[in-house]
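Structure below is entry30.txt: compact mmCIF, C-alpha atoms.
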```
# COMPACT_ATOMS: atom_id res chain seq x y z
CA MET A 20 0.00 0.00 0.00
CA ARG A 21 2.80 2.36 0.94
CA ASN A 22 4.53 1.75 -2.43
CA ARG A 23 1.29 2.56 -4.25
CA TRP A 24 0.99 5.89 -2.45
CA ILE A 25 4.60 6.75 -3.23
CA GLY A 26 4.04 5.84 -6.87
CA ALA A 27 0.95 8.02 -7.04
CA ILE A 28 2.73 10.99 -5.45
CA VAL A 29 5.66 10.67 -7.88
CA ALA A 30 3.28 10.51 -10.85
CA VAL A 31 1.38 13.63 -9.75
CA ALA A 32 4.61 15.54 -9.08
CA ALA A 33 5.95 14.62 -12.51
CA ALA A 34 2.73 15.78 -14.15
CA LEU A 35 2.89 19.12 -12.34
CA VAL A 36 6.51 19.65 -13.38
CA LEU A 37 5.87 18.80 -17.01
CA LEU A 38 2.61 20.72 -17.36
CA PRO A 39 4.07 24.23 -17.75
CA LEU A 40 6.64 22.97 -20.27
CA GLY A 41 4.01 21.17 -22.30
CA THR A 42 1.70 24.18 -22.13
CA ALA A 43 4.47 26.50 -23.28
CA ARG A 44 5.30 24.25 -26.21
CA THR A 45 1.64 24.02 -27.18
CA ALA A 46 1.27 27.80 -27.00
CA GLN A 47 4.41 28.29 -29.09
CA THR A 48 3.21 25.82 -31.71
CA ALA A 49 -0.22 27.44 -31.79
CA ALA A 50 1.38 30.82 -32.39
CA GLY A 51 3.42 29.39 -35.28
CA ALA A 52 6.70 30.29 -33.61
CA GLN A 53 9.85 28.43 -34.50
CA ASP A 54 12.63 27.65 -32.05
CA LEU A 55 15.50 29.98 -32.98
CA THR A 56 17.40 29.62 -29.71
CA GLY A 57 21.12 28.89 -29.69
CA VAL A 58 24.47 30.51 -30.36
CA TRP A 59 24.98 31.49 -33.99
CA LEU A 60 27.95 32.71 -36.02
CA VAL A 61 28.16 34.39 -39.43
CA ASP A 62 28.84 31.70 -42.03
CA HIS A 63 30.85 33.87 -44.47
CA PHE A 64 31.96 37.38 -43.57
CA HIS A 65 31.38 40.05 -46.23
CA PRO A 66 32.61 43.50 -45.16
CA GLY A 67 30.73 45.40 -47.87
CA LEU A 68 27.09 45.02 -48.89
CA PHE A 69 27.83 46.42 -52.36
CA PRO A 70 31.24 44.97 -53.30
CA LYS A 71 30.79 46.14 -56.92
CA GLY A 72 30.17 49.70 -55.81
CA ASP A 73 26.68 49.81 -57.30
CA ALA A 74 24.65 51.03 -54.33
CA PRO A 75 21.54 52.96 -55.49
CA PHE A 76 22.59 56.23 -53.88
CA THR A 77 20.75 59.50 -54.01
CA PRO A 78 23.08 62.50 -54.55
CA TRP A 79 23.03 63.08 -50.78
CA GLY A 80 23.84 59.44 -50.08
CA GLU A 81 26.71 59.36 -52.56
CA SER A 82 28.24 62.57 -51.21
CA ARG A 83 28.08 61.20 -47.68
CA PHE A 84 29.60 57.87 -48.73
CA LYS A 85 32.63 59.68 -50.18
CA LEU A 86 33.39 61.05 -46.72
CA MET A 87 33.57 57.63 -45.08
CA ASP A 88 36.96 56.17 -44.19
CA PRO A 89 37.17 52.97 -42.07
CA LYS A 90 40.54 54.10 -40.72
CA VAL A 91 39.33 57.52 -39.61
CA ASN A 92 35.61 57.87 -38.99
CA ASP A 93 34.20 54.39 -38.55
CA PRO A 94 31.91 54.77 -35.49
CA ASN A 95 33.33 51.48 -34.25
CA LEU A 96 36.64 53.28 -33.65
CA ALA A 97 34.86 55.20 -30.91
CA CYS A 98 33.40 51.99 -29.46
CA LEU A 99 29.91 53.09 -30.50
CA PRO A 100 27.17 50.53 -31.16
CA HIS A 101 27.24 48.92 -34.60
CA GLY A 102 23.59 49.59 -35.38
CA VAL A 103 21.23 47.56 -37.56
CA PRO A 104 21.80 45.79 -39.87
CA ARG A 105 25.57 46.03 -39.39
CA ILE A 106 25.50 44.23 -36.05
CA MET A 107 24.05 41.20 -37.83
CA PHE A 108 27.10 41.02 -40.15
CA VAL A 109 29.78 41.18 -37.43
CA PRO A 110 31.84 37.95 -37.43
CA LEU A 111 31.33 37.37 -33.70
CA PRO A 112 28.74 35.01 -32.20
CA PHE A 113 25.34 36.01 -30.89
CA GLU A 114 22.78 34.10 -28.87
CA ILE A 115 19.02 34.08 -29.37
CA TYR A 116 16.65 33.75 -26.41
CA GLN A 117 12.88 33.43 -26.79
CA VAL A 118 10.99 34.63 -23.73
CA PRO A 119 7.32 35.57 -23.28
CA GLY A 120 6.61 38.64 -25.40
CA LYS A 121 10.14 39.09 -26.68
CA VAL A 122 12.94 37.63 -28.77
CA LEU A 123 16.35 38.68 -27.44
CA LEU A 124 19.55 38.73 -29.50
CA TYR A 125 22.60 38.97 -27.26
CA GLN A 126 25.58 40.01 -29.36
CA GLU A 127 29.13 39.30 -28.26
CA ALA A 128 30.15 42.44 -30.17
CA ASP A 129 30.06 45.17 -27.51
CA ASN A 130 27.86 42.80 -25.44
CA GLN A 131 24.84 44.48 -27.00
CA LEU A 132 21.30 43.25 -26.43
CA ARG A 133 18.71 43.64 -29.19
CA LYS A 134 15.13 43.38 -27.94
CA VAL A 135 12.41 42.44 -30.42
CA TYR A 136 8.98 43.09 -28.90
CA LEU A 137 6.24 40.69 -30.00
CA ASN A 138 3.31 42.18 -28.10
CA ARG A 139 3.33 45.87 -29.01
CA PRO A 140 3.54 48.22 -32.02
CA HIS A 141 6.13 50.95 -32.42
CA PRO A 142 5.46 53.91 -30.12
CA LYS A 143 3.71 56.81 -31.82
CA ASP A 144 6.34 59.20 -30.51
CA PHE A 145 9.98 58.54 -29.62
CA ASP A 146 12.02 60.50 -27.10
CA THR A 147 15.20 60.35 -29.18
CA PRO A 148 16.69 58.38 -32.09
CA THR A 149 18.88 55.42 -31.11
CA TYR A 150 21.76 53.40 -32.54
CA ASN A 151 19.90 50.10 -32.84
CA GLY A 152 16.40 51.50 -33.31
CA ASP A 153 13.10 50.18 -31.98
CA SER A 154 12.33 46.62 -33.07
CA VAL A 155 8.92 44.92 -33.09
CA GLY A 156 8.29 41.45 -34.45
CA LYS A 157 5.62 38.98 -35.48
CA TRP A 158 5.57 35.38 -36.64
CA GLU A 159 4.60 34.55 -40.20
CA GLY A 160 4.61 30.76 -40.20
CA ASP A 161 8.11 29.74 -39.14
CA THR A 162 9.62 33.15 -39.96
CA LEU A 163 10.21 35.93 -37.45
CA VAL A 164 9.55 39.26 -39.19
CA VAL A 165 11.33 42.13 -37.42
CA ASP A 166 10.50 45.76 -38.21
CA THR A 167 12.98 48.38 -36.94
CA ILE A 168 12.77 52.20 -37.07
CA ASN A 169 13.87 55.23 -34.99
CA PHE A 170 17.56 55.26 -35.87
CA ASN A 171 20.05 58.05 -35.51
CA ASP A 172 22.32 58.65 -38.53
CA VAL A 173 25.61 57.84 -36.81
CA THR A 174 26.11 54.15 -37.60
CA TRP A 175 27.14 52.50 -40.86
CA LEU A 176 25.18 49.78 -42.63
CA ASP A 177 28.30 47.71 -43.35
CA HIS A 178 32.02 47.67 -42.52
CA VAL A 179 33.26 49.82 -45.41
CA GLY A 180 31.18 52.95 -44.80
CA LEU A 181 27.72 52.51 -46.31
CA PRO A 182 25.80 55.44 -44.78
CA HIS A 183 22.18 56.00 -43.87
CA SER A 184 19.98 58.77 -42.56
CA ASP A 185 17.56 58.91 -39.64
CA ALA A 186 14.84 57.84 -42.10
CA LEU A 187 16.26 54.29 -42.15
CA HIS A 188 13.72 51.48 -42.03
CA VAL A 189 14.91 47.86 -41.75
CA VAL A 190 12.76 44.76 -42.11
CA GLU A 191 14.29 41.36 -41.31
CA ARG A 192 12.87 37.92 -42.03
CA ILE A 193 14.65 35.41 -39.79
CA HIS A 194 14.08 31.68 -40.10
CA ARG A 195 15.84 28.40 -39.56
CA VAL A 196 16.79 26.84 -42.91
CA ASP A 197 17.67 23.61 -41.16
CA HIS A 198 18.71 22.63 -37.65
CA ASP A 199 22.22 24.07 -38.03
CA THR A 200 21.53 27.02 -40.34
CA LEU A 201 19.82 30.35 -39.70
CA ARG A 202 19.02 32.91 -42.42
CA ASP A 203 18.29 36.61 -42.07
CA ASP A 204 16.87 38.42 -45.12
CA PHE A 205 17.03 42.21 -44.94
CA THR A 206 15.04 44.88 -46.75
CA ILE A 207 16.58 48.33 -46.41
CA GLU A 208 14.61 51.49 -47.10
CA ASP A 209 15.93 55.02 -46.68
CA THR A 210 14.55 57.56 -49.16
CA LYS A 211 17.12 60.20 -48.24
CA THR A 212 20.11 57.92 -48.88
CA PHE A 213 18.90 55.48 -51.56
CA THR A 214 16.74 55.84 -54.65
CA LYS A 215 14.94 52.55 -53.95
CA PRO A 216 14.68 49.82 -51.32
CA TRP A 217 17.24 47.03 -51.60
CA THR A 218 17.83 43.64 -50.05
CA ALA A 219 20.65 41.62 -48.50
CA SER A 220 20.91 38.31 -46.67
CA GLN A 221 23.19 36.52 -44.24
CA LEU A 222 23.53 32.88 -43.18
CA TYR A 223 24.60 31.78 -39.70
CA LYS A 224 25.75 28.42 -38.37
CA LEU A 225 24.72 26.94 -35.04
CA LYS A 226 27.57 26.60 -32.54
CA PRO A 227 26.56 24.02 -29.91
CA GLY A 228 28.49 24.35 -26.67
CA TRP A 229 29.61 27.92 -27.39
CA GLU A 230 29.05 30.70 -24.86
CA ILE A 231 29.04 34.45 -25.39
CA ALA A 232 32.29 35.88 -24.04
CA GLU A 233 32.96 39.22 -22.39
CA TYR A 234 33.82 41.85 -24.97
CA THR A 235 36.01 44.87 -24.29
CA CYS A 236 36.27 47.70 -26.80
CA ASP A 237 39.76 49.18 -26.57
CA ASN A 238 39.95 51.05 -29.88
CA ASN A 239 41.87 54.31 -29.96
CA LYS A 240 39.08 56.87 -29.63
CA TYR A 241 41.37 59.70 -30.61
CA THR A 242 41.48 58.50 -34.22
CA TYR A 243 37.73 58.93 -34.59
CA HIS A 244 36.51 62.04 -36.39
CA PRO A 245 32.72 62.07 -36.78
CA GLU A 246 31.35 63.64 -39.93
CA LYS A 247 29.48 66.92 -39.52
```
Hey, can you dump this file as structure tokens for me?
Amino acid sequence: MRNRWIGAIVAVAAALVLLPLGTARTAQTAAGAQDLTGVWLVDHFHPGLFPKGDAPFTPWGESRFKLMDPKVNDPNLACLPHGVPRIMFVPLPFEIYQVPGKVLLYQEADNQLRKVYLNRPHPKDFDTPTYNGDSVGKWEGDTLVVDTINFNDVTWLDHVGLPHSDALHVVERIHRVDHDTLRDDFTIEDTKTFTKPWTASQLYKLKPGWEIAEYTCDNNKYTYHPEK
């Protein structure tokens, strides 16, 4: 009799422990969300988004691009945030966490944390433009669609000096191609800098067992000369 009671207690305890996990998985499946969690690393690093030099610049965008010099005025020299989408092209790992109401992207580069809000729209009014913008997301099937606005005009879009204005609008479509491969498709719109929207993409590989390390920016800030 005693063994039966012990068995019953163990069974009930196990059910109580597993219930929240099962409920969470059911809710996630019902919402169409895909599991994107893990540590990911850029598959192939491409410093420039327009290696042939054919970016669809407006006259303002082209004049600004001519002022950019990675050795002199790259904002990264001043240890400033990389911004979006540049942060997604940095050849350092990042980790994705999925928590209620948010998807978090923890970047080893500068130990930055991107927050993608799933349960709210963009605010109608912003206090001030930011480096990484305001990101809201939604699930379309197994793809996380991330819409980001409210940028300042300080950051670059790539590592060679592709500029943008504070009118920048970035839409990302993030999905798992297979268990070990993640893809991010970008649509970039900035009517002040470019004559038309354009697209880019990046693949990432899963790195099981990796952890995000502490990052220290020790660039020589005195070489940085921001453009007026």
Residue with smallest distance to Lys215 (chain A) - pool A:Thr77, A:Pro119, A:Pro70, A:Ala52, counting all atoms listed in the file: A:Thr77
Just want the 9 Å neighbourhood of Asp199 (chain A), counted on all atoms listed in the file, with same-chain residues fewer than 6 positions away dropped. Output as a list of chain:residue names. A:Trp59, A:Tyr223, A:Lys224, A:Leu225, A:Lys226
Need the shell around Thr218 (chain A): protein/DNA/RNA residues with any atom at most 8 Å away, counting all atoms listed in the file. Skip same-chain ones fewer than 4 positions apart. Format as a PyMOL selection string? chain A and resi 204-207
Between A:Asn130, A:Thr212, A:Thr167, A:Ser220, which has the minimum distance to Arg83 (chain A) (counting all atoms listed in the file)?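 Closest to Arg83 (chain A), using all atoms listed in the file: A:Thr212.
Each of A:Tyr136, A:His188, A:Val164, A:Leu111 was checked against Trp217 (chain A) using only C-alpha atoms; the smallest atom-to-atom distance is that of A:His188.
Considering the residues A:Pro110, A:Gly160, A:Gly120, A:Gly102 and counting only C-alpha atoms, Pro148 (chain A) has its shortest atom-to-atom contact with A:Gly102.
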If you measure from CA of Val155 (chain A) to CA of Leu137 (chain A), what distance in Å do you get, rounded to one decimal? 5.9 Å
Contacts of Leu60 (chain A) at 12 Å (only C-alpha atoms; same-chain gap of 3+ positions) as a PyMOL selection string: chain A and resi 57+63-64+106-115+126-128+199-202+221-227+229-231
Skip Asp146 (chain A) itself and residues of its chain fewer than 3 positions away, then list as number ranges by chain all residues within 12 Å of it, counting only C-alpha atoms. A: 142-143, 149, 152-153, 169-171
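Straight-line separation from CA of Trp158 (chain A) to CA of Val118 (chain A): 14.0 Å.
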Out of A:Val135, A:Phe213, A:Pro100, A:Thr147, which residue has the shortest atom-to-atom distance to Leu181 (chain A) when counting only C-alpha atoms? A:Phe213
Completed region 184-207 of chain A (N, CA, C and O atoms) as a PDB file, in the frame of the given file:
```pdb
ATOM      1  N   SER A 184      20.512  57.613 -43.264  1.00  0.00           N
ATOM      2  CA  SER A 184      19.980  58.770 -42.560  1.00  0.00           C
ATOM      3  C   SER A 184      19.095  58.311 -41.418  1.00  0.00           C
ATOM      4  O   SER A 184      18.925  57.107 -41.184  1.00  0.00           O
ATOM      5  N   ASP A 185      18.476  59.278 -40.729  1.00  0.00           N
ATOM      6  CA  ASP A 185      17.560  58.910 -39.640  1.00  0.00           C
ATOM      7  C   ASP A 185      16.208  58.447 -40.166  1.00  0.00           C
ATOM      8  O   ASP A 185      15.311  58.125 -39.370  1.00  0.00           O
ATOM      9  N   ALA A 186      16.066  58.378 -41.495  1.00  0.00           N
ATOM     10  CA  ALA A 186      14.840  57.840 -42.100  1.00  0.00           C
ATOM     11  C   ALA A 186      14.949  56.333 -42.354  1.00  0.00           C
ATOM     12  O   ALA A 186      14.042  55.737 -42.938  1.00  0.00           O
ATOM     13  N   LEU A 187      16.028  55.720 -41.911  1.00  0.00           N
ATOM     14  CA  LEU A 187      16.260  54.290 -42.150  1.00  0.00           C
ATOM     15  C   LEU A 187      15.133  53.428 -41.602  1.00  0.00           C
ATOM     16  O   LEU A 187      14.666  53.624 -40.482  1.00  0.00           O
ATOM     17  N   HIS A 188      14.735  52.457 -42.415  1.00  0.00           N
ATOM     18  CA  HIS A 188      13.720  51.480 -42.030  1.00  0.00           C
ATOM     19  C   HIS A 188      14.230  50.106 -42.447  1.00  0.00           C
ATOM     20  O   HIS A 188      14.534  49.888 -43.619  1.00  0.00           O
ATOM     21  N   VAL A 189      14.362  49.193 -41.498  1.00  0.00           N
ATOM     22  CA  VAL A 189      14.910  47.860 -41.750  1.00  0.00           C
ATOM     23  C   VAL A 189      13.860  46.807 -41.412  1.00  0.00           C
ATOM     24  O   VAL A 189      13.285  46.830 -40.319  1.00  0.00           O
ATOM     25  N   VAL A 190      13.632  45.902 -42.354  1.00  0.00           N
ATOM     26  CA  VAL A 190      12.760  44.760 -42.110  1.00  0.00           C
ATOM     27  C   VAL A 190      13.581  43.493 -42.268  1.00  0.00           C
ATOM     28  O   VAL A 190      14.257  43.314 -43.293  1.00  0.00           O
ATOM     29  N   GLU A 191      13.566  42.630 -41.259  1.00  0.00           N
ATOM     30  CA  GLU A 191      14.290  41.360 -41.310  1.00  0.00           C
ATOM     31  C   GLU A 191      13.300  40.201 -41.289  1.00  0.00           C
ATOM     32  O   GLU A 191      12.294  40.245 -40.598  1.00  0.00           O
ATOM     33  N   ARG A 192      13.635  39.167 -42.040  1.00  0.00           N
ATOM     34  CA  ARG A 192      12.870  37.920 -42.030  1.00  0.00           C
ATOM     35  C   ARG A 192      13.839  36.811 -41.621  1.00  0.00           C
ATOM     36  O   ARG A 192      14.715  36.419 -42.402  1.00  0.00           O
ATOM     37  N   ILE A 193      13.695  36.345 -40.384  1.00  0.00           N
ATOM     38  CA  ILE A 193      14.650  35.410 -39.790  1.00  0.00           C
ATOM     39  C   ILE A 193      13.981  34.040 -39.679  1.00  0.00           C
ATOM     40  O   ILE A 193      12.895  33.916 -39.097  1.00  0.00           O
ATOM     41  N   HIS A 194      14.633  33.032 -40.230  1.00  0.00           N
ATOM     42  CA  HIS A 194      14.080  31.680 -40.100  1.00  0.00           C
ATOM     43  C   HIS A 194      15.207  30.654 -40.133  1.00  0.00           C
ATOM     44  O   HIS A 194      16.310  30.926 -40.604  1.00  0.00           O
ATOM     45  N   ARG A 195      14.881  29.497 -39.624  1.00  0.00           N
ATOM     46  CA  ARG A 195      15.840  28.400 -39.560  1.00  0.00           C
ATOM     47  C   ARG A 195      15.724  27.589 -40.851  1.00  0.00           C
ATOM     48  O   ARG A 195      14.703  26.969 -41.117  1.00  0.00           O
ATOM     49  N   VAL A 196      16.771  27.599 -41.652  1.00  0.00           N
ATOM     50  CA  VAL A 196      16.790  26.840 -42.910  1.00  0.00           C
ATOM     51  C   VAL A 196      16.795  25.347 -42.605  1.00  0.00           C
ATOM     52  O   VAL A 196      16.071  24.557 -43.226  1.00  0.00           O
ATOM     53  N   ASP A 197      17.633  24.959 -41.693  1.00  0.00           N
ATOM     54  CA  ASP A 197      17.670  23.610 -41.160  1.00  0.00           C
ATOM     55  C   ASP A 197      18.160  23.705 -39.722  1.00  0.00           C
ATOM     56  O   ASP A 197      18.335  24.819 -39.205  1.00  0.00           O
ATOM     57  N   HIS A 198      18.371  22.588 -39.071  1.00  0.00           N
ATOM     58  CA  HIS A 198      18.710  22.630 -37.650  1.00  0.00           C
ATOM     59  C   HIS A 198      19.951  23.455 -37.375  1.00  0.00           C
ATOM     60  O   HIS A 198      20.032  24.168 -36.356  1.00  0.00           O
ATOM     61  N   ASP A 199      20.938  23.412 -38.267  1.00  0.00           N
ATOM     62  CA  ASP A 199      22.220  24.070 -38.030  1.00  0.00           C
ATOM     63  C   ASP A 199      22.401  25.370 -38.784  1.00  0.00           C
ATOM     64  O   ASP A 199      23.479  25.961 -38.735  1.00  0.00           O
ATOM     65  N   THR A 200      21.379  25.834 -39.501  1.00  0.00           N
ATOM     66  CA  THR A 200      21.530  27.020 -40.340  1.00  0.00           C
ATOM     67  C   THR A 200      20.393  28.003 -40.114  1.00  0.00           C
ATOM     68  O   THR A 200      19.225  27.637 -40.165  1.00  0.00           O
ATOM     69  N   LEU A 201      20.773  29.255 -39.875  1.00  0.00           N
ATOM     70  CA  LEU A 201      19.820  30.350 -39.700  1.00  0.00           C
ATOM     71  C   LEU A 201      20.022  31.337 -40.848  1.00  0.00           C
ATOM     72  O   LEU A 201      21.157  31.569 -41.287  1.00  0.00           O
ATOM     73  N   ARG A 202      18.931  31.926 -41.336  1.00  0.00           N
ATOM     74  CA  ARG A 202      19.020  32.910 -42.420  1.00  0.00           C
ATOM     75  C   ARG A 202      18.277  34.180 -42.017  1.00  0.00           C
ATOM     76  O   ARG A 202      17.183  34.123 -41.465  1.00  0.00           O
ATOM     77  N   ASP A 203      18.902  35.315 -42.311  1.00  0.00           N
ATOM     78  CA  ASP A 203      18.290  36.610 -42.070  1.00  0.00           C
ATOM     79  C   ASP A 203      18.253  37.357 -43.402  1.00  0.00           C
ATOM     80  O   ASP A 203      19.298  37.649 -43.991  1.00  0.00           O
ATOM     81  N   ASP A 204      17.043  37.651 -43.890  1.00  0.00           N
ATOM     82  CA  ASP A 204      16.870  38.420 -45.120  1.00  0.00           C
ATOM     83  C   ASP A 204      16.471  39.841 -44.755  1.00  0.00           C
ATOM     84  O   ASP A 204      15.498  40.053 -44.023  1.00  0.00           O
ATOM     85  N   PHE A 205      17.218  40.808 -45.283  1.00  0.00           N
ATOM     86  CA  PHE A 205      17.030  42.210 -44.940  1.00  0.00           C
ATOM     87  C   PHE A 205      16.420  42.986 -46.102  1.00  0.00           C
ATOM     88  O   PHE A 205      16.819  42.792 -47.257  1.00  0.00           O
ATOM     89  N   THR A 206      15.500  43.873 -45.796  1.00  0.00           N
ATOM     90  CA  THR A 206      15.040  44.880 -46.750  1.00  0.00           C
ATOM     91  C   THR A 206      15.347  46.241 -46.148  1.00  0.00           C
ATOM     92  O   THR A 206      14.914  46.546 -45.026  1.00  0.00           O
ATOM     93  N   ILE A 207      16.115  47.038 -46.890  1.00  0.00           N
ATOM     94  CA  ILE A 207      16.580  48.330 -46.410  1.00  0.00           C
ATOM     95  C   ILE A 207      15.876  49.436 -47.193  1.00  0.00           C
ATOM     96  O   ILE A 207      15.906  49.452 -48.427  1.00  0.00           O
TER      97      ILE A 207
END
```
